[in-house]
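**Q** Before anything else, here's the structure in question.
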Amino acid sequence: MENNDILERPVQTDIEDFTNPTPQHGTTEVDLHNPNQESSQEILRTDWDSQFRVHSDINDHSIFKSKFSEGDVYSLNPYTQEFQKVEGRKGIFRDEESEQKFSFVSLPSKDYKLVDHLPLFEEVTTQLVECEDISTARVHIEDRTYEEDTKAIRTIHLLDHTVDIEGTGELCMRIDVLNSTNSSWKFQVFTGAYRDYCRNSMVFGGERQYYAMKKHTSGFDYKQEVSKIKNAVSNFANQGDVFRAWLNTKVTDQQVIEFFKEVLCKKKLSDINSLQETIDKDEDIAKQYNQKELGFLIHKWEEELKTGMNRNLYTLYNALTNWSTHAGTNLDSYENEEGQIKTMTQKKGKVHETRLRREGRVLKAIASPLFTELSS
């Protein structure tokens with residue numbers, strides 16, 4: 001057999017690092033309709049967190065007051081022991097004027113454009129408040145910053161913009177805006193819904209709703225990007241029509257498992273030589289899937305069915321967003337058939353990064369050909 005004709009050995013790619021999991025809870029058997037379960041969904045605090053605040057004042061941006069500025073960068077000449085300015089480059093610094101501190105944060109690319117958190121989130125508020133089609137009278141807001149305030153997320157639930165999906169739960173319009181000042185995150189906006197009774201945030205994608213991911217470059221105009229959020233609210237009711245269609249699209253357990261395997265849990269094949277060794281040893285080469293993650297997704301599917309949901313595409317979508325929403329919470333663990341507790345997020349992991357990756361993967365999953373095939 002020629003090497004070019006040999007498949008590569010399965011290796012893990014594009015999956016969170018689940019090595020050395022630390023079980024935190026004895027069981028995750030929950031009643032999603034029970035409001036007292038909310039405490040079990042509290043995000044596990046980690047060393048990466050800076051600030052977290054829940055409130056109902058859309059004009060309160062106090063959590064984003066940290067200021068960041070651009071500044072010159074200098075390098076030490078080892079021969080003269082003198083600092084020399086690095087031409088053509090700017091660094092990002094935490095600017096604490098009151099304490100006269102200017103602390104180095106990162107060295108971004110040459111075309112990086114710094115956008116501070118406060119003016120960005122103030123612009124989001126201004127455009128939402130001034131839009132006649134949007135009601136901001138009743139809102140639920142979650143503000144978060146991470147890694148010494150260099151990363152920030154504002155989540156806004158517009159409580160007066162809701163839609164009922166035939167008794168499966170009232171959905172509330174939700175907007176997530178993400179920003180970073182250390183060049184690690186692109187500017188991102190997710191629009192979706194918030195299924196209140198189980199605190200499950202549902203990520204929307206495609207043409208009917210607005211999702212943006214923009215680099216902080218010289219051509220980036222955050223005011224222009226923020227203005228596009230308003231259109232998502234006007235399309236919110238249309239998304240309910242899609243959900244209702246999914247509610248009437250039946251799926252089987254086997255179809256759901258195959259979807260999880262092929263779209264979310266499949267591993268990439270590489271390392272031809274190692275695979276040849278596997279073949280020579282007559283070992284099982286069919287395990288091309290992340291078995292732990294597959295088991296967890298199946299658990300989320302079963303969890304949805306226990307609430308009274310039927311086997312349909314909308315329930316599958318709920319399972320996906322249930323998985324993405326609860327990264328780093330008590331609901332990110334489950335007990336398998338052997339009585340073992342499987343914890344999907346490491347105790348010291350970056351929960352905010354894990355949640356963001358999962359939401360992106362949900363968007364890709366519902367845009368996949370297999371999901372389209374299931375919905376047709």
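Ordering of the structure tokens sets the chain letters (A, B, ...); residue numbers start at 1 within each chain; ligands are numbered from 1 in the order shown.
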Taking the backbone alone, and naming residues the way the document does, which bits of segment 214-263 of chain A are alpha helix (DSSP H) by DSSP, as a PyMOL selection string?
**A** chain A and resi 222-227+229-234+236-247+253-259
**Q** If we count only C-alpha atoms, what is near Leu320 of chain A at a cut-off of 8 Å, once residues fewer than 2 positions away on the same chain are taken out, given as a PyMOL selection string?
**A** chain A and resi 297+300+316-318+322-324+362
**Q** Can those selected residues be exported to a file as a PDB file, in the first residue's frame so that it contains N, CA and C atoms?
**A**
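For reference, out.pdb as written:
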```pdb
ATOM      1  N   LEU A 297     -23.000  15.508  24.595  1.00  0.00           N
ATOM      2  CA  LEU A 297     -24.044  16.045  23.720  1.00  0.00           C
ATOM      3  C   LEU A 297     -25.285  15.157  23.732  1.00  0.00           C
ATOM      4  N   LYS A 300     -27.187  15.968  26.737  1.00  0.00           N
ATOM      5  CA  LYS A 300     -27.959  17.198  26.593  1.00  0.00           C
ATOM      6  C   LYS A 300     -29.240  16.946  25.802  1.00  0.00           C
ATOM      7  N   LEU A 316     -33.343  19.427  19.016  1.00  0.00           N
ATOM      8  CA  LEU A 316     -31.912  19.268  18.727  1.00  0.00           C
ATOM      9  C   LEU A 316     -31.208  20.617  18.866  1.00  0.00           C
ATOM     10  N   TYR A 317     -31.807  21.653  18.311  1.00  0.00           N
ATOM     11  CA  TYR A 317     -31.227  22.997  18.413  1.00  0.00           C
ATOM     12  C   TYR A 317     -31.131  23.432  19.879  1.00  0.00           C
ATOM     13  N   ASN A 318     -32.163  23.126  20.665  1.00  0.00           N
ATOM     14  CA  ASN A 318     -32.123  23.438  22.092  1.00  0.00           C
ATOM     15  C   ASN A 318     -30.967  22.727  22.785  1.00  0.00           C
ATOM     16  N   ASN A 322     -28.056  24.588  24.644  1.00  0.00           N
ATOM     17  CA  ASN A 322     -27.907  24.229  26.047  1.00  0.00           C
ATOM     18  C   ASN A 322     -26.434  23.931  26.345  1.00  0.00           C
ATOM     19  N   TRP A 323     -25.811  23.215  25.432  1.00  0.00           N
ATOM     20  CA  TRP A 323     -24.384  22.865  25.563  1.00  0.00           C
ATOM     21  C   TRP A 323     -23.509  24.109  25.528  1.00  0.00           C
ATOM     22  N   SER A 324     -23.782  25.042  24.624  1.00  0.00           N
ATOM     23  CA  SER A 324     -22.947  26.233  24.511  1.00  0.00           C
ATOM     24  C   SER A 324     -23.172  27.197  25.667  1.00  0.00           C
ATOM     25  N   VAL A 362     -21.782  26.170  17.307  1.00  0.00           N
ATOM     26  CA  VAL A 362     -23.224  26.013  17.099  1.00  0.00           C
ATOM     27  C   VAL A 362     -23.640  26.714  15.818  1.00  0.00           C
TER      28      VAL A 362
END
```
**Q** Could you tell me how far atom CA of Ala245 of chain A lies from atom CA of Ile165 of chain A, in Å and to one decimal?
**A**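 It comes out at 10.0 Å.
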**Q** Do you know which residues are at most 9 Å from Val163 of chain A counting only C-alpha atoms, after dropping those on the same chain fewer than 5 positions away, and could you put them as a tab-separated table (two decimals) with C-alpha atoms, in the first residue's frame?
**A**
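The new file out.tsv reads:
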```tsv
chain	number	residue	atom	x	y	z
A	169	GLY	CA	-41.08	28.38	26.27
A	170	GLU	CA	-41.14	32.12	25.66
A	171	LEU	CA	-38.04	33.44	23.95
A	172	CYS	CA	-36.62	36.87	24.73
A	173	MET	CA	-34.44	38.84	22.31
A	236	PHE	CA	-36.69	38.55	15.60
A	237	ALA	CA	-40.31	37.51	14.94
A	240	GLY	CA	-39.82	32.36	15.53
```
**Q** If I take atom CA of Val54 of chain A and atom CA of Ser227 of chain A, how far is one from the other in Å, to one decimal?
**A**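 These atoms are spaced 24.3 Å apart.
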